[in-house]
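Structure data (mmCIF, C-alpha atoms) from my_file_33.cif:
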```
data_start
#
loop_
_atom_site.label_atom_id
_atom_site.label_comp_id
_atom_site.auth_asym_id
_atom_site.auth_seq_id
_atom_site.Cartn_x
_atom_site.Cartn_y
_atom_site.Cartn_z
CA MET A 1 0.00 0.00 0.00
CA PRO A 2 1.47 3.43 -0.94
CA ASP A 3 2.53 5.71 1.90
CA ASN A 4 0.86 9.00 1.01
CA ALA A 5 -0.90 10.02 4.23
CA SER A 6 0.70 13.49 4.10
CA TYR A 7 -1.34 14.29 0.95
CA MET A 8 -4.53 13.22 2.72
CA VAL A 9 -3.71 15.42 5.73
CA ALA A 10 -2.89 18.37 3.44
CA ALA A 11 -6.22 18.03 1.59
CA TYR A 12 -8.24 17.79 4.81
CA VAL A 13 -6.46 20.83 6.28
CA VAL A 14 -6.92 22.90 3.10
CA ALA A 15 -10.66 22.06 2.93
CA ALA A 16 -11.12 22.91 6.63
CA VAL A 17 -9.27 26.23 6.21
CA VAL A 18 -11.41 27.20 3.18
CA TYR A 19 -14.70 26.36 4.92
CA LEU A 20 -13.69 28.03 8.20
CA ALA A 21 -12.40 31.17 6.47
CA TYR A 22 -15.71 31.59 4.64
CA THR A 23 -17.66 30.83 7.83
CA VAL A 24 -15.73 33.53 9.73
CA ARG A 25 -16.36 36.03 6.91
CA LEU A 26 -20.10 35.22 6.84
CA PHE A 27 -20.49 35.24 10.63
CA HIS A 28 -18.67 38.55 10.90
CA ARG A 29 -21.05 40.15 8.37
CA ALA A 30 -24.12 38.42 9.83
CA ILE A 31 -23.42 39.52 13.40
CA ALA A 32 -22.77 43.09 12.23
CA ALA A 33 -26.11 43.06 10.33
CA LEU A 34 -28.02 41.60 13.31
CA ARG A 35 -26.51 44.18 15.70
CA ASP A 36 -27.17 47.04 13.28
CA SER A 37 -30.79 46.06 12.65
CA SER A 38 -31.59 45.64 16.35
CA ARG A 39 -30.59 49.25 17.04
CA MET B 1 -38.64 48.12 11.77
CA ASN B 2 -40.07 47.07 8.37
CA ALA B 3 -41.20 43.53 7.57
CA SER B 4 -38.44 42.70 5.08
CA LEU B 5 -35.73 43.82 7.53
CA ASN B 6 -37.31 41.52 10.11
CA GLY B 7 -37.53 38.73 7.53
CA SER B 8 -33.84 39.09 6.63
CA ARG B 9 -32.88 38.86 10.32
CA THR B 10 -34.84 35.61 10.65
CA THR B 11 -33.19 34.25 7.48
CA ILE B 12 -29.70 35.15 8.79
CA ARG B 13 -30.42 33.44 12.12
CA TRP B 14 -31.64 30.25 10.40
CA GLY B 15 -28.58 30.34 8.17
CA LEU B 16 -26.22 30.66 11.12
CA ALA B 17 -27.88 27.66 12.82
CA LEU B 18 -27.68 25.59 9.62
CA THR B 19 -24.03 26.56 9.10
CA ILE B 20 -23.13 25.42 12.63
CA LEU B 21 -24.99 22.17 11.95
CA GLY B 22 -23.15 21.78 8.62
CA LEU B 23 -19.76 22.36 10.25
CA ALA B 24 -20.59 19.81 12.97
CA ALA B 25 -21.57 17.34 10.24
CA LEU B 26 -18.29 18.06 8.45
CA VAL B 27 -16.33 17.30 11.63
CA THR B 28 -18.27 14.00 11.85
CA ILE B 29 -17.23 13.19 8.26
CA TYR B 30 -13.58 13.90 9.10
CA VAL B 31 -13.80 11.49 12.06
CA MET B 32 -15.70 8.85 10.03
CA ALA B 33 -13.30 9.08 7.08
CA LEU B 34 -10.06 9.20 9.05
CA ALA B 35 -10.85 6.80 11.90
CA TYR B 36 -13.53 4.38 10.75
CA THR B 37 -13.37 4.04 6.95
CA PRO B 38 -10.95 1.36 5.69
CA LEU B 39 -7.90 2.23 3.60
CA GLU B 40 -8.11 1.51 -0.12
CA VAL B 41 -5.36 -0.95 -1.09
CA ARG B 42 -4.09 0.63 -4.35
CA GLN B 43 -4.33 4.35 -3.52
CA GLY B 44 -3.63 4.20 0.21
CA ALA B 45 -4.56 7.12 2.49
CA ALA B 46 -4.80 9.56 -0.47
CA GLN B 47 -8.05 7.85 -1.51
CA LYS B 48 -9.69 9.35 1.61
CA ILE B 49 -9.44 12.79 -0.05
CA PHE B 50 -12.38 11.52 -2.08
CA TYR B 51 -14.73 11.91 0.97
CA ILE B 52 -14.25 15.68 1.00
CA HIS B 53 -13.58 16.27 -2.72
CA VAL B 54 -16.66 14.55 -4.18
CA PRO B 55 -19.21 16.08 -1.72
CA ALA B 56 -17.68 19.54 -2.36
CA ALA B 57 -18.12 18.93 -6.11
CA TRP B 58 -21.75 17.94 -5.49
CA SER B 59 -22.46 21.15 -3.54
CA ALA B 60 -20.70 23.34 -6.11
CA MET B 61 -22.72 21.82 -8.96
CA VAL B 62 -25.98 22.19 -6.99
CA ALA B 63 -25.04 25.82 -6.24
CA PHE B 64 -24.26 26.69 -9.87
CA THR B 65 -27.33 24.84 -11.19
CA LEU B 66 -29.51 26.84 -8.80
CA VAL B 67 -27.86 30.08 -9.98
CA GLY B 68 -28.97 29.21 -13.52
CA VAL B 69 -32.50 28.13 -12.57
CA VAL B 70 -33.06 31.19 -10.38
CA SER B 71 -31.56 33.46 -13.07
CA ILE B 72 -34.11 32.15 -15.61
CA LEU B 73 -36.85 32.89 -13.07
CA TYR B 74 -35.38 36.37 -12.52
CA LEU B 75 -35.46 37.17 -16.26
CA TRP B 76 -39.10 36.11 -16.25
CA LEU B 77 -40.38 37.61 -12.98
CA ARG B 78 -37.87 40.47 -12.38
CA ASP B 79 -37.98 39.90 -8.62
CA GLU B 80 -34.91 41.33 -6.82
CA ARG B 81 -34.99 38.48 -4.29
CA LEU B 82 -34.27 35.98 -7.08
CA ASP B 83 -31.23 37.99 -8.13
CA ALA B 84 -30.11 38.13 -4.48
CA PHE B 85 -30.41 34.34 -4.21
CA ALA B 86 -28.51 33.79 -7.49
CA ALA B 87 -25.64 36.01 -6.28
CA SER B 88 -25.58 34.18 -2.93
CA SER B 89 -25.53 30.73 -4.51
CA ALA B 90 -22.77 31.78 -6.96
CA GLU B 91 -20.55 33.01 -4.12
CA VAL B 92 -21.08 29.83 -2.09
CA GLY B 93 -20.51 27.71 -5.23
CA LEU B 94 -17.14 29.42 -5.62
CA VAL B 95 -16.17 28.43 -2.06
CA PHE B 96 -16.94 24.77 -2.80
CA SER B 97 -15.09 25.10 -6.13
CA VAL B 98 -11.96 26.25 -4.31
CA VAL B 99 -12.17 23.03 -2.25
CA ILE B 100 -12.57 20.95 -5.44
CA LEU B 101 -9.72 22.69 -7.25
CA THR B 102 -7.31 22.36 -4.31
CA THR B 103 -8.12 18.88 -2.97
CA GLY B 104 -8.26 17.42 -6.52
CA PRO B 105 -4.63 18.21 -7.38
CA ILE B 106 -3.51 17.11 -3.89
CA TRP B 107 -5.09 13.72 -4.70
CA GLY B 108 -3.74 13.77 -8.28
CA LYS B 109 -0.08 14.13 -7.27
CA PRO B 110 0.29 10.78 -5.44
CA VAL B 111 -2.24 8.87 -7.61
CA TRP B 112 -1.60 10.25 -11.14
CA GLY B 113 1.93 11.51 -10.49
CA THR B 114 1.01 15.08 -11.41
CA TRP B 115 -0.73 17.99 -9.70
CA TRP B 116 -2.67 18.97 -12.81
CA THR B 117 -3.43 17.69 -16.29
CA TRP B 118 -5.51 19.41 -18.98
CA ASP B 119 -8.06 16.64 -18.84
CA ALA B 120 -11.67 17.44 -19.90
CA ARG B 121 -13.19 17.19 -16.39
CA LEU B 122 -10.47 19.28 -14.74
CA THR B 123 -10.38 21.89 -17.50
CA LEU B 124 -14.17 22.30 -17.60
CA THR B 125 -14.30 22.65 -13.80
CA LEU B 126 -11.61 25.34 -13.95
CA ILE B 127 -13.56 27.14 -16.72
CA LEU B 128 -16.73 26.98 -14.59
CA PHE B 129 -14.82 28.44 -11.64
CA LEU B 130 -13.41 31.26 -13.80
CA LEU B 131 -16.85 31.92 -15.30
CA PHE B 132 -18.38 32.41 -11.85
CA LEU B 133 -15.40 34.50 -10.77
CA GLY B 134 -16.28 36.66 -13.79
CA TYR B 135 -19.93 36.62 -12.63
CA MET B 136 -18.92 38.05 -9.24
CA THR B 137 -16.62 40.63 -10.86
CA LEU B 138 -19.42 41.68 -13.20
CA ARG B 139 -21.73 42.17 -10.22
CA SER B 140 -19.27 44.48 -8.50
CA ALA B 141 -18.62 46.43 -11.72
CA VAL B 142 -22.24 47.27 -12.68
CA HIS B 143 -23.87 49.76 -10.31
CA ASP B 144 -27.44 49.91 -11.63
CA PRO B 145 -29.26 47.07 -9.75
CA ALA B 146 -31.61 46.13 -12.63
CA GLU B 147 -28.79 46.09 -15.21
CA ARG B 148 -26.51 44.15 -12.85
CA ALA B 149 -29.21 41.57 -12.24
CA ARG B 150 -30.01 41.20 -15.97
CA PHE B 151 -26.37 40.87 -17.11
CA SER B 152 -25.40 38.49 -14.34
CA ALA B 153 -28.51 36.34 -14.92
CA VAL B 154 -27.30 35.70 -18.49
CA VAL B 155 -23.81 34.71 -17.25
CA GLY B 156 -25.38 32.54 -14.53
CA ILE B 157 -27.46 30.66 -17.11
CA MET B 158 -24.35 30.05 -19.24
CA GLY B 159 -22.60 28.66 -16.17
CA MET B 160 -25.48 26.29 -15.47
CA VAL B 161 -25.25 24.93 -19.04
CA LEU B 162 -21.67 23.80 -18.27
CA VAL B 163 -22.71 21.68 -15.26
CA PRO B 164 -24.15 18.64 -17.14
CA PHE B 165 -21.12 18.72 -19.50
CA ILE B 166 -18.83 18.50 -16.48
CA HIS B 167 -20.77 15.53 -15.10
CA MET B 168 -20.83 13.78 -18.50
CA SER B 169 -17.26 14.77 -19.48
CA VAL B 170 -15.84 11.46 -18.20
CA TYR B 171 -18.10 9.63 -20.69
CA LEU B 172 -17.87 12.12 -23.58
CA PHE B 173 -14.07 12.54 -23.66
CA ARG B 174 -10.97 10.42 -23.11
CA THR B 175 -10.14 11.38 -19.55
CA LEU B 176 -7.97 10.38 -16.61
CA HIS B 177 -10.61 11.42 -14.07
CA PRO B 178 -12.44 8.53 -12.36
CA LYS B 179 -16.02 7.90 -13.53
CA PRO B 180 -18.98 8.58 -11.17
CA ILE B 181 -19.42 5.83 -8.62
CA VAL B 182 -22.66 7.02 -7.01
CA LEU B 183 -24.37 9.53 -9.33
CA LYS B 184 -24.86 7.07 -12.19
CA PRO B 185 -27.75 4.93 -13.48
CA SER B 186 -26.41 1.63 -12.05
CA THR B 187 -25.90 0.80 -8.35
CA PRO B 188 -22.98 2.51 -6.51
CA SER B 189 -19.67 0.67 -6.97
CA LEU B 190 -18.18 1.05 -3.49
CA PRO B 191 -17.86 -1.24 -0.46
CA PRO B 192 -20.58 -0.45 2.15
CA ASP B 193 -18.17 1.18 4.69
CA MET B 194 -16.86 3.60 2.08
CA LEU B 195 -20.30 4.24 0.59
CA ARG B 196 -21.69 5.12 4.03
CA THR B 197 -18.97 7.74 4.60
CA LEU B 198 -19.40 9.16 1.11
CA LEU B 199 -23.19 9.46 1.45
CA ALA B 200 -22.76 11.09 4.88
CA GLY B 201 -20.29 13.44 3.18
CA PHE B 202 -22.94 14.39 0.60
CA ALA B 203 -25.42 15.10 3.42
CA ALA B 204 -22.90 17.20 5.41
CA SER B 205 -21.88 19.16 2.32
CA THR B 206 -25.53 19.80 1.42
CA VAL B 207 -26.32 21.12 4.92
CA LEU B 208 -23.20 23.31 4.79
CA TYR B 209 -24.29 24.66 1.39
CA LEU B 210 -27.77 25.39 2.76
CA GLY B 211 -26.29 27.14 5.80
CA PHE B 212 -23.86 29.29 3.79
CA VAL B 213 -26.42 30.22 1.14
CA THR B 214 -29.11 31.05 3.71
CA VAL B 215 -26.82 33.42 5.64
CA ARG B 216 -25.56 35.00 2.41
CA TYR B 217 -29.12 35.37 1.08
CA GLY B 218 -30.26 36.84 4.40
CA LEU B 219 -27.44 39.40 4.17
CA ALA B 220 -28.41 40.27 0.59
CA ARG B 221 -32.06 40.70 1.66
CA TYR B 222 -30.90 42.85 4.56
CA GLU B 223 -28.95 45.13 2.20
CA LEU B 224 -31.98 45.34 -0.12
CA ALA B 225 -34.25 46.26 2.81
CA ARG B 226 -31.78 48.91 4.00
CA ARG B 227 -31.60 50.37 0.48
CA GLN B 228 -35.38 50.47 0.20
CA GLU B 229 -35.58 52.15 3.61
CA ALA B 230 -33.06 54.79 2.52
CA ASP B 231 -35.02 55.45 -0.73
#
```
Give the structure from the file, written as structure tokens.
Amino acid sequence: MPDNASYMVAAYVVAAVVYLAYTVRLFHRAIAALRDSSR
Amino acid sequence: MNASLNGSRTTIRWGLALTILGLAALVTIYVMALAYTPLEVRQGAAQKIFYIHVPAAWSAMVAFTLVGVVSILYLWLRDERLDAFAASSAEVGLVFSVVILTTGPIWGKPVWGTWWTWDARLTLTLILFLLFLGYMTLRSAVHDPAERARFSAVVGIMGMVLVPFIHMSVYLFRTLHPKPIVLKPSTPSLPPDMLRTLLAGFAASTVLYLGFVTVRYGLARYELARRQEAD
């Protein structure tokens, strides 16, 4: 069996970073909108 | 506070809840794939990239198909909310496309021996990504809302037309990319353990798409409501 676990780890980390980065961006905007509209 | 501002707040809240649920489901997929799903003999650990790559591709194609469908509806009904949804789905589709276009080459290097090849499936996916990048650029370049919505609806429809070609590209062209193993007319060709993780991956990716797109749509509705209030 080929030893290529480092590629698997890299792919999982990259996917997590992309999803989390977008989540942070969305949450930041969403919380700002919710705060602004409740004023 | 007006009704549409209130509605957009509710949409944003639902979206945030769905996104948290989607992220929790994604963590579950990571655990299932890394700890409980058996290793494939020929590809080794790199095969497990498949459990995040294929569901991301599914969500991206759903997102871009919905952009096209909603854009057709916009050209017919001229409802700003449809344009807002199309823009939201396009942005979220781009996020999933980034996952496809990064995890794919990371899988390709150990399995094919190269990060990238100008294969039909890969090239068409890259073109789709660039087309929707153009879609987003177009939206930020046109300031008149009606014109922006009309122009981007046409681009969105063209993007949707590419989606079935991408799915069928592995049958239509000589290609290195593996053929579909689940989304095909015959029964899925995977051992049950692997199939379970992949199907759970599809579910997690769908919930994450729904969460992202709901928040993004809620934000777009909020901006529309604010604009209407200012007018």
Please produce, as JSON lines, a per-residue contact table for chain A versus chain B (criterion: any atom at most 8 Å away, all atoms listed in the file considered), showing the nearest atom pair and its distance in Å to one decimal, sorted by chain then residue number.
```
{"residue": "A:Met1", "atom": "CA", "partner": "B:Val41", "partner_atom": "CA", "distance": 5.6}
{"residue": "A:Pro2", "atom": "CA", "partner": "B:Gly44", "partner_atom": "CA", "distance": 5.3}
{"residue": "A:Asp3", "atom": "CA", "partner": "B:Gly44", "partner_atom": "CA", "distance": 6.6}
{"residue": "A:Asn4", "atom": "CA", "partner": "B:Ala46", "partner_atom": "CA", "distance": 5.9}
{"residue": "A:Ala5", "atom": "CA", "partner": "B:Ala45", "partner_atom": "CA", "distance": 5.0}
{"residue": "A:Tyr7", "atom": "CA", "partner": "B:Ile106", "partner_atom": "CA", "distance": 6.0}
{"residue": "A:Met8", "atom": "CA", "partner": "B:Ala46", "partner_atom": "CA", "distance": 4.9}
{"residue": "A:Ala10", "atom": "CA", "partner": "B:Ile106", "partner_atom": "CA", "distance": 7.5}
{"residue": "A:Ala11", "atom": "CA", "partner": "B:Thr103", "partner_atom": "CA", "distance": 5.0}
{"residue": "A:Tyr12", "atom": "CA", "partner": "B:Ile49", "partner_atom": "CA", "distance": 7.1}
{"residue": "A:Val14", "atom": "CA", "partner": "B:Thr103", "partner_atom": "CA", "distance": 7.4}
{"residue": "A:Ala15", "atom": "CA", "partner": "B:Val99", "partner_atom": "CA", "distance": 5.5}
{"residue": "A:Val18", "atom": "CA", "partner": "B:Val99", "partner_atom": "CA", "distance": 6.9}
{"residue": "A:Tyr19", "atom": "CA", "partner": "B:Val95", "partner_atom": "CA", "distance": 7.4}
{"residue": "A:Tyr22", "atom": "CA", "partner": "B:Val95", "partner_atom": "CA", "distance": 7.4}
{"residue": "A:Thr23", "atom": "CA", "partner": "B:Phe212", "partner_atom": "CA", "distance": 7.6}
{"residue": "A:Leu26", "atom": "CA", "partner": "B:Arg216", "partner_atom": "CA", "distance": 7.0}
{"residue": "A:Phe27", "atom": "CA", "partner": "B:Leu16", "partner_atom": "CA", "distance": 7.4}
{"residue": "A:Arg29", "atom": "CA", "partner": "B:Leu219", "partner_atom": "CA", "distance": 7.7}
{"residue": "A:Ala30", "atom": "CA", "partner": "B:Ile12", "partner_atom": "CA", "distance": 6.6}
{"residue": "A:Ala33", "atom": "CA", "partner": "B:Leu219", "partner_atom": "CA", "distance": 7.3}
{"residue": "A:Leu34", "atom": "CA", "partner": "B:Arg9", "partner_atom": "CA", "distance": 6.3}
{"residue": "A:Ser37", "atom": "CA", "partner": "B:Leu5", "partner_atom": "CA", "distance": 7.5}
```
Write the selection just made, keeping C-alpha atoms, as a tab-separated table (two decimals), in the coordinates of the input?
```
chain	number	residue	atom	x	y	z
A	1	MET	CA	0.00	0.00	0.00
A	2	PRO	CA	1.47	3.43	-0.94
A	3	ASP	CA	2.53	5.71	1.90
A	4	ASN	CA	0.86	9.00	1.01
A	5	ALA	CA	-0.90	10.02	4.23
A	7	TYR	CA	-1.34	14.29	0.95
A	8	MET	CA	-4.53	13.22	2.72
A	10	ALA	CA	-2.89	18.37	3.44
A	11	ALA	CA	-6.22	18.03	1.59
A	12	TYR	CA	-8.24	17.79	4.81
A	14	VAL	CA	-6.92	22.90	3.10
A	15	ALA	CA	-10.66	22.06	2.93
A	18	VAL	CA	-11.41	27.20	3.18
A	19	TYR	CA	-14.70	26.36	4.92
A	22	TYR	CA	-15.71	31.59	4.64
A	23	THR	CA	-17.66	30.83	7.83
A	26	LEU	CA	-20.10	35.22	6.84
A	27	PHE	CA	-20.49	35.24	10.63
A	29	ARG	CA	-21.05	40.15	8.37
A	30	ALA	CA	-24.12	38.42	9.83
A	33	ALA	CA	-26.11	43.06	10.33
A	34	LEU	CA	-28.02	41.60	13.31
A	37	SER	CA	-30.79	46.06	12.65
```
| message | Show me, as JSON, numbers by chain, the residues that have an atom within 12 Å of Ser88 of chain B when counting all atoms listed in the file, minus same-chain residues fewer than 3 positions from it. | response | {"A": [26], "B": [63, 64, 66, 67, 70, 71, 81, 82, 83, 84, 85, 91, 92, 93, 94, 95, 132, 135, 136, 139, 156, 209, 210, 211, 212, 213, 214, 215, 216, 217, 218, 219, 220, 221]}
| Explicit residue set for the PyMOL selection byres ((chain B and resi 204) around 8), as an MDAnalysis selection string | chainID B and resid 22:23 25:26 29 200:203 205:208
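Straight-line separation from atom CA of Thr175 of chain B to atom CA of Gly159 of chain B: 21.6 Å.
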| task | Evaluate the PyMOL selection byres ((chain B and resi 75) around 12) on the structure here and hand back the selected residues as a ChimeraX atom specification. | result | /B:68-74,76-80,82-83,86,146-157
Draw an axis-aligned box tight on the listed atoms of segment 223-226 of chain B, then pad every side by 5 Å and write out centre and edge lengths in Å to one decimal as JSON.
```
{"center_x": -31.6, "center_y": 47.0, "center_z": 1.9, "size_x": 15.3, "size_y": 13.8, "size_z": 14.1}
```
Since fewer atoms than expected are present, regenerate N, CA and C atoms for segment 3-33 of chain A and write them as a PDB file, in the coordinates of the input.
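Result file is out33.pdb:
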```
ATOM      1  N   ASP A   3       2.513   4.875   0.703  1.00  0.00           N
ATOM      2  CA  ASP A   3       2.530   5.710   1.900  1.00  0.00           C
ATOM      3  C   ASP A   3       2.350   7.170   1.478  1.00  0.00           C
ATOM      4  N   ASN A   4       1.110   7.625   1.474  1.00  0.00           N
ATOM      5  CA  ASN A   4       0.860   9.000   1.010  1.00  0.00           C
ATOM      6  C   ASN A   4      -0.093   9.743   1.963  1.00  0.00           C
ATOM      7  N   ALA A   5      -0.003   9.412   3.237  1.00  0.00           N
ATOM      8  CA  ALA A   5      -0.900  10.020   4.230  1.00  0.00           C
ATOM      9  C   ALA A   5      -0.739  11.542   4.303  1.00  0.00           C
ATOM     10  N   SER A   6       0.482  12.035   3.994  1.00  0.00           N
ATOM     11  CA  SER A   6       0.700  13.490   4.100  1.00  0.00           C
ATOM     12  C   SER A   6      -0.197  14.246   3.103  1.00  0.00           C
ATOM     13  N   TYR A   7      -0.461  13.644   1.932  1.00  0.00           N
ATOM     14  CA  TYR A   7      -1.340  14.290   0.950  1.00  0.00           C
ATOM     15  C   TYR A   7      -2.777  14.355   1.498  1.00  0.00           C
ATOM     16  N   MET A   8      -3.182  13.253   2.141  1.00  0.00           N
ATOM     17  CA  MET A   8      -4.530  13.220   2.720  1.00  0.00           C
ATOM     18  C   MET A   8      -4.665  14.308   3.785  1.00  0.00           C
ATOM     19  N   VAL A   9      -3.660  14.401   4.661  1.00  0.00           N
ATOM     20  CA  VAL A   9      -3.710  15.420   5.730  1.00  0.00           C
ATOM     21  C   VAL A   9      -3.761  16.816   5.116  1.00  0.00           C
ATOM     22  N   ALA A  10      -2.926  17.048   4.096  1.00  0.00           N
ATOM     23  CA  ALA A  10      -2.890  18.370   3.440  1.00  0.00           C
ATOM     24  C   ALA A  10      -4.266  18.721   2.877  1.00  0.00           C
ATOM     25  N   ALA A  11      -4.906  17.770   2.203  1.00  0.00           N
ATOM     26  CA  ALA A  11      -6.220  18.030   1.590  1.00  0.00           C
ATOM     27  C   ALA A  11      -7.268  18.335   2.654  1.00  0.00           C
ATOM     28  N   TYR A  12      -7.247  17.566   3.746  1.00  0.00           N
ATOM     29  CA  TYR A  12      -8.240  17.790   4.810  1.00  0.00           C
ATOM     30  C   TYR A  12      -8.018  19.154   5.474  1.00  0.00           C
ATOM     31  N   VAL A  13      -6.751  19.530   5.660  1.00  0.00           N
ATOM     32  CA  VAL A  13      -6.460  20.830   6.280  1.00  0.00           C
ATOM     33  C   VAL A  13      -6.898  21.963   5.351  1.00  0.00           C
ATOM     34  N   VAL A  14      -6.557  21.847   4.066  1.00  0.00           N
ATOM     35  CA  VAL A  14      -6.920  22.900   3.100  1.00  0.00           C
ATOM     36  C   VAL A  14      -8.447  23.072   3.069  1.00  0.00           C
ATOM     37  N   ALA A  15      -9.188  21.964   2.983  1.00  0.00           N
ATOM     38  CA  ALA A  15     -10.660  22.060   2.930  1.00  0.00           C
ATOM     39  C   ALA A  15     -11.192  22.723   4.202  1.00  0.00           C
ATOM     40  N   ALA A  16     -10.655  22.329   5.365  1.00  0.00           N
ATOM     41  CA  ALA A  16     -11.120  22.910   6.630  1.00  0.00           C
ATOM     42  C   ALA A  16     -10.836  24.411   6.666  1.00  0.00           C
ATOM     43  N   VAL A  17      -9.639  24.806   6.197  1.00  0.00           N
ATOM     44  CA  VAL A  17      -9.270  26.230   6.210  1.00  0.00           C
ATOM     45  C   VAL A  17     -10.219  27.031   5.310  1.00  0.00           C
ATOM     46  N   VAL A  18     -10.524  26.496   4.114  1.00  0.00           N
ATOM     47  CA  VAL A  18     -11.410  27.200   3.180  1.00  0.00           C
ATOM     48  C   VAL A  18     -12.802  27.367   3.802  1.00  0.00           C
ATOM     49  N   TYR A  19     -13.359  26.281   4.338  1.00  0.00           N
ATOM     50  CA  TYR A  19     -14.700  26.360   4.920  1.00  0.00           C
ATOM     51  C   TYR A  19     -14.724  27.296   6.131  1.00  0.00           C
ATOM     52  N   LEU A  20     -13.693  27.187   6.991  1.00  0.00           N
ATOM     53  CA  LEU A  20     -13.690  28.030   8.200  1.00  0.00           C
ATOM     54  C   LEU A  20     -13.493  29.499   7.845  1.00  0.00           C
ATOM     55  N   ALA A  21     -12.641  29.772   6.862  1.00  0.00           N
ATOM     56  CA  ALA A  21     -12.400  31.170   6.470  1.00  0.00           C
ATOM     57  C   ALA A  21     -13.706  31.795   5.970  1.00  0.00           C
ATOM     58  N   TYR A  22     -14.442  31.039   5.155  1.00  0.00           N
ATOM     59  CA  TYR A  22     -15.710  31.590   4.640  1.00  0.00           C
ATOM     60  C   TYR A  22     -16.733  31.728   5.772  1.00  0.00           C
ATOM     61  N   THR A  23     -16.735  30.756   6.691  1.00  0.00           N
ATOM     62  CA  THR A  23     -17.660  30.830   7.830  1.00  0.00           C
ATOM     63  C   THR A  23     -17.379  32.089   8.656  1.00  0.00           C
ATOM     64  N   VAL A  24     -16.102  32.355   8.932  1.00  0.00           N
ATOM     65  CA  VAL A  24     -15.730  33.530   9.730  1.00  0.00           C
ATOM     66  C   VAL A  24     -16.195  34.804   9.014  1.00  0.00           C
ATOM     67  N   ARG A  25     -15.954  34.854   7.702  1.00  0.00           N
ATOM     68  CA  ARG A  25     -16.360  36.030   6.910  1.00  0.00           C
ATOM     69  C   ARG A  25     -17.885  36.234   6.992  1.00  0.00           C
ATOM     70  N   LEU A  26     -18.633  35.130   6.798  1.00  0.00           N
ATOM     71  CA  LEU A  26     -20.100  35.220   6.840  1.00  0.00           C
ATOM     72  C   LEU A  26     -20.599  35.615   8.229  1.00  0.00           C
ATOM     73  N   PHE A  27     -20.046  34.972   9.262  1.00  0.00           N
ATOM     74  CA  PHE A  27     -20.490  35.240  10.630  1.00  0.00           C
ATOM     75  C   PHE A  27     -20.203  36.688  11.014  1.00  0.00           C
ATOM     76  N   HIS A  28     -19.054  37.178  10.604  1.00  0.00           N
ATOM     77  CA  HIS A  28     -18.670  38.550  10.900  1.00  0.00           C
ATOM     78  C   HIS A  28     -19.714  39.519  10.312  1.00  0.00           C
ATOM     79  N   ARG A  29     -20.061  39.291   9.039  1.00  0.00           N
ATOM     80  CA  ARG A  29     -21.050  40.150   8.370  1.00  0.00           C
ATOM     81  C   ARG A  29     -22.437  39.970   8.979  1.00  0.00           C
ATOM     82  N   ALA A  30     -22.787  38.712   9.299  1.00  0.00           N
ATOM     83  CA  ALA A  30     -24.120  38.420   9.830  1.00  0.00           C
ATOM     84  C   ALA A  30     -24.308  39.064  11.197  1.00  0.00           C
ATOM     85  N   ILE A  31     -23.298  38.953  12.054  1.00  0.00           N
ATOM     86  CA  ILE A  31     -23.420  39.520  13.400  1.00  0.00           C
ATOM     87  C   ILE A  31     -23.505  41.047  13.320  1.00  0.00           C
ATOM     88  N   ALA A  32     -22.717  41.626  12.407  1.00  0.00           N
ATOM     89  CA  ALA A  32     -22.770  43.090  12.230  1.00  0.00           C
ATOM     90  C   ALA A  32     -24.183  43.502  11.768  1.00  0.00           C
ATOM     91  N   ALA A  33     -24.768  42.738  10.848  1.00  0.00           N
ATOM     92  CA  ALA A  33     -26.110  43.060  10.330  1.00  0.00           C
ATOM     93  C   ALA A  33     -27.152  42.902  11.441  1.00  0.00           C
TER      94      ALA A  33
END
```
